[in-house]
Amino acid sequence: MQAQTIVETKTQYPQSQAAFRAVNLLLGSYLGISVLTLVAAILLRGNAAIAPIAVLVRGTIVVGHALINLLFAARMSRGSRIGYRLLRLSSAAMVVAIVVIIAIPGDFPVWFKIEQGLCGLLLLGAVIVAFTKPVRSVFARKAK
């Protein structure tokens, strides 16, 4: 129980609070761009050259991922080690998936690859902030 109290106390440090705000801002921007992209894809779904079905499917997955990551970030901000670990893992995995989507020619139009690149940069920013010392120190286990 004492370890949880220490984590909760560390989440109140100014550097930790600033890092948590930055992560939430980056992930909120990721969600906003993803939702706008999905809405555009739905509105343009009649033109397969501009918005093929793959864009709708991927767009839906990205919006779901953005929502889940915001939940992880909220848990992390409250001192949850699990939320912190899940956020780092999920964001890093999605950055890799975005790099693959951009690199492989095929089902996705250029405009969508550009949007995915922007989302990837936002996620990469969140991953970088999550790996900074002020955030890592909040969730570091005490040596026995």
# chains A, B, ... in the order shown; residues from 1 in each chain; ligands from 1
>>> residues_around(residues="A:Leu70", least_positions_apart="2", cutoff="12 Å", atoms="only C-alpha atoms", output="NGL selection string")
:A and (20-21 or 23-32 or 63-68 or 72-77 or 83-84 or 86-88 or 90-91 or 123 or 126)
>>> select_by_dssp(residues="chain A", states="alpha helix (DSSP H)", output="MDAnalysis selection string")
chainID A and resid 2:10 14:43 53:77 81:103 110:130 133:139
>>> atom_distance(atom1="atom CA of A:Leu56", atom2="atom CA of A:Ser34")
11.1 Å
>>> closest_residue(among="A:Ala19, A:Asn47, A:Thr37, A:Ile128", to="A:Gly59", atoms="only C-alpha atoms")
A:Thr37
>>> residues_around(residues="stretch 49-51 of chain A", least_positions_apart="4", cutoff="10 Å", atoms="only C-alpha atoms", output="NGL selection string")
:A and (38 or 40-45 or 55-56 or 107-112)
